[in-house]
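Below is one structure, written out as structure tokens; comments come after it.
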Amino acid sequence: MNIDGVADLTSTAVRMFEDKPGKISYVALWLGGRYEQEPKRWHAVSPVEYLSKHTPATLFINSSHDRFHVGRDAFVAQLIKNNVHQQVYTIPDTPHTFWLFHPWVDEMRSVLASFLNKVLVEENPR
């Protein structure tokens, strides 16, 4: 499950926020440097780098901020190509941290439970 997380940290759309001159981002701090300093690490933490026919079913729950959807569409396209179950759910008019707050946490929990029920129970009966 991806809860409003970027799927490709190496994208220029992400790096325009993370590589601002004169400011070090939390991602750069976490990875030990900006993209140009630590490109291997930036690729290593990008989920889109690990897609294969063995990738598990994936649910994206997104806020209304496109900035946090980067890489999602390429990820989903690859899942479809590999015939892997996927679902994208966007909660309108939400902050990036929607999962921490009422009423959005309830909606997110419901979407998550429905997805898990479908993937773990309906598609894999005992």
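Ordered as shown in the structure tokens, chains take letters A, B, and onward, while each chain numbers its residues from 1 and ligands are numbered from 1 in the order shown.
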Quick one: which segment 28-95 of chain A residues come within 12 Å of segment 99-107 of chain A, and what is the nearest atom pair for each with the distance in Å to one decimal, counting only C-alpha atoms, rows ordered by chain and ascending number, as a tab-separated table?
```
residue	atom	partner	partner_atom	distance
A:Ile61	CA	A:Trp99	CA	9.5
A:Asn62	CA	A:Trp99	CA	9.7
A:Ser63	CA	A:Trp99	CA	9.1
A:Ser64	CA	A:Trp104	CA	11.9
A:Tyr89	CA	A:Glu107	CA	10.4
A:Thr90	CA	A:Glu107	CA	10.5
A:Ile91	CA	A:Trp104	CA	7.8
A:Pro92	CA	A:Trp104	CA	9.7
A:Asp93	CA	A:Trp104	CA	10.0
A:Thr94	CA	A:Trp104	CA	7.8
A:Pro95	CA	A:Trp99	CA	9.0
```
Please list as a PyMOL selection string every residue within 12 Å of Val27 of chain A, counting only C-alpha atoms and excluding residues in the same chain fewer than 2 positions away. chain A and resi 6+9-10+14-15+17-20+23-25+29-35+38+41-42+45-46
Every residue of segment 16-119 of chain A that DSSP places in alpha helix (DSSP H), as a ChimeraX atom specification: /A:16-18,26-31,39-44,72-81,104-116
Keeping N, CA, C and O atoms for every residue in the selection just given, could you write it to a file as a compact mmCIF listing (two decimals), in the first residue's frame?
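Resulting contents of part15.txt:
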```
# COMPACT_ATOMS: atom_id res chain seq x y z
N MET A 16 12.49 18.96 -8.17
CA MET A 16 12.33 20.42 -8.16
C MET A 16 11.94 20.92 -6.76
O MET A 16 12.21 22.04 -6.40
N PHE A 17 11.33 20.05 -5.97
CA PHE A 17 11.00 20.39 -4.58
C PHE A 17 12.15 20.01 -3.65
O PHE A 17 12.42 20.68 -2.66
N GLU A 18 12.81 18.90 -3.94
CA GLU A 18 13.82 18.36 -3.04
C GLU A 18 15.21 18.96 -3.24
O GLU A 18 16.05 18.84 -2.36
N TYR A 26 14.28 17.11 3.64
CA TYR A 26 14.31 15.97 4.54
C TYR A 26 14.71 14.70 3.79
O TYR A 26 15.38 13.84 4.35
N VAL A 27 14.30 14.59 2.53
CA VAL A 27 14.69 13.43 1.73
C VAL A 27 16.21 13.42 1.54
O VAL A 27 16.86 12.39 1.71
N ALA A 28 16.77 14.56 1.20
CA ALA A 28 18.23 14.65 1.03
C ALA A 28 18.96 14.34 2.33
O ALA A 28 19.99 13.68 2.33
N LEU A 29 18.43 14.82 3.44
CA LEU A 29 19.04 14.50 4.75
C LEU A 29 18.98 13.00 5.01
O LEU A 29 19.96 12.40 5.45
N TRP A 30 17.84 12.40 4.74
CA TRP A 30 17.64 10.98 4.96
C TRP A 30 18.59 10.15 4.09
O TRP A 30 19.13 9.14 4.54
N LEU A 31 18.79 10.60 2.84
CA LEU A 31 19.60 9.83 1.89
C LEU A 31 21.08 10.23 1.90
O LEU A 31 21.86 9.67 1.15
N PRO A 39 22.94 9.73 -6.35
CA PRO A 39 21.90 9.22 -7.26
C PRO A 39 21.55 7.75 -7.02
O PRO A 39 20.39 7.36 -7.15
N LYS A 40 22.52 6.93 -6.66
CA LYS A 40 22.23 5.51 -6.42
C LYS A 40 21.25 5.33 -5.27
O LYS A 40 20.36 4.49 -5.33
N ARG A 41 21.42 6.12 -4.23
CA ARG A 41 20.50 6.02 -3.09
C ARG A 41 19.10 6.48 -3.47
O ARG A 41 18.11 5.89 -3.04
N TRP A 42 19.01 7.55 -4.25
CA TRP A 42 17.71 8.07 -4.68
C TRP A 42 16.99 7.03 -5.53
O TRP A 42 15.78 6.84 -5.41
N HIS A 43 17.72 6.32 -6.38
CA HIS A 43 17.11 5.25 -7.18
C HIS A 43 16.73 4.08 -6.28
O HIS A 43 15.67 3.47 -6.47
N ALA A 44 17.56 3.77 -5.32
CA ALA A 44 17.33 2.62 -4.45
C ALA A 44 16.06 2.75 -3.63
O ALA A 44 15.45 1.74 -3.27
N ARG A 72 3.42 7.31 -9.76
CA ARG A 72 2.28 6.41 -9.58
C ARG A 72 1.76 5.87 -10.91
O ARG A 72 1.55 4.66 -11.06
N ASP A 73 1.56 6.73 -11.89
CA ASP A 73 0.98 6.28 -13.15
C ASP A 73 1.89 5.29 -13.88
O ASP A 73 1.41 4.31 -14.45
N ALA A 74 3.20 5.52 -13.84
CA ALA A 74 4.14 4.58 -14.45
C ALA A 74 4.12 3.25 -13.68
O ALA A 74 4.18 2.17 -14.28
N PHE A 75 4.00 3.34 -12.38
CA PHE A 75 3.93 2.15 -11.53
C PHE A 75 2.69 1.33 -11.89
O PHE A 75 2.76 0.12 -12.11
N VAL A 76 1.55 2.00 -11.95
CA VAL A 76 0.29 1.34 -12.26
C VAL A 76 0.33 0.73 -13.67
O VAL A 76 -0.12 -0.40 -13.87
N ALA A 77 0.87 1.46 -14.62
CA ALA A 77 0.97 0.94 -16.00
C ALA A 77 1.77 -0.36 -16.03
O ALA A 77 1.42 -1.30 -16.74
N GLN A 78 2.84 -0.41 -15.26
CA GLN A 78 3.67 -1.61 -15.21
C GLN A 78 2.93 -2.76 -14.54
O GLN A 78 3.04 -3.92 -14.95
N LEU A 79 2.15 -2.46 -13.50
CA LEU A 79 1.36 -3.50 -12.85
C LEU A 79 0.32 -4.07 -13.81
O LEU A 79 0.14 -5.29 -13.89
N ILE A 80 -0.33 -3.20 -14.55
CA ILE A 80 -1.32 -3.64 -15.53
C ILE A 80 -0.65 -4.51 -16.58
O ILE A 80 -1.17 -5.58 -16.94
N LYS A 81 0.50 -4.08 -17.07
CA LYS A 81 1.25 -4.85 -18.06
C LYS A 81 1.59 -6.24 -17.54
O LYS A 81 1.56 -7.22 -18.30
N TRP A 104 -10.85 11.94 7.34
CA TRP A 104 -10.19 11.21 6.25
C TRP A 104 -9.62 9.87 6.69
O TRP A 104 -9.56 8.94 5.90
N VAL A 105 -9.20 9.76 7.92
CA VAL A 105 -8.65 8.49 8.39
C VAL A 105 -9.70 7.38 8.30
O VAL A 105 -9.39 6.24 7.96
N ASP A 106 -10.96 7.72 8.54
CA ASP A 106 -12.03 6.73 8.45
C ASP A 106 -12.23 6.26 7.01
O ASP A 106 -12.40 5.07 6.74
N GLU A 107 -12.21 7.20 6.08
CA GLU A 107 -12.35 6.86 4.67
C GLU A 107 -11.17 6.00 4.20
O GLU A 107 -11.35 5.01 3.51
N MET A 108 -9.97 6.39 4.60
CA MET A 108 -8.78 5.64 4.23
C MET A 108 -8.85 4.22 4.79
O MET A 108 -8.56 3.26 4.08
N ARG A 109 -9.25 4.09 6.03
CA ARG A 109 -9.34 2.77 6.66
C ARG A 109 -10.35 1.89 5.91
O ARG A 109 -10.10 0.71 5.67
N SER A 110 -11.45 2.46 5.49
CA SER A 110 -12.46 1.72 4.76
C SER A 110 -11.94 1.24 3.40
O SER A 110 -12.15 0.09 3.01
N VAL A 111 -11.24 2.11 2.69
CA VAL A 111 -10.66 1.76 1.39
C VAL A 111 -9.61 0.67 1.57
O VAL A 111 -9.57 -0.31 0.80
N LEU A 112 -8.76 0.82 2.57
CA LEU A 112 -7.73 -0.17 2.86
C LEU A 112 -8.33 -1.53 3.19
O LEU A 112 -7.90 -2.56 2.65
N ALA A 113 -9.33 -1.55 4.04
CA ALA A 113 -9.97 -2.82 4.43
C ALA A 113 -10.62 -3.49 3.23
O ALA A 113 -10.51 -4.71 3.05
N SER A 114 -11.27 -2.72 2.40
CA SER A 114 -11.92 -3.26 1.20
C SER A 114 -10.89 -3.87 0.25
O SER A 114 -11.08 -4.96 -0.29
N PHE A 115 -9.78 -3.17 0.05
CA PHE A 115 -8.71 -3.66 -0.82
C PHE A 115 -8.12 -4.95 -0.27
O PHE A 115 -7.96 -5.95 -0.99
N LEU A 116 -7.80 -4.97 1.01
CA LEU A 116 -7.23 -6.17 1.61
C LEU A 116 -8.19 -7.34 1.57
O LEU A 116 -7.80 -8.48 1.32
```
Å distance separating atom CA of Leu120 of chain A from atom CA of Ala57 of chain A, one decimal place: 9.7 Å
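The interatomic distance for the pair atom CA of Asp8 of chain A and atom CA of Phe60 of chain A works out to 13.6 Å.
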What's the separation between atom CA of Glu123 of chain A and atom CA of Gly5 of chain A, in Å to one decimal place? 25.8 Å
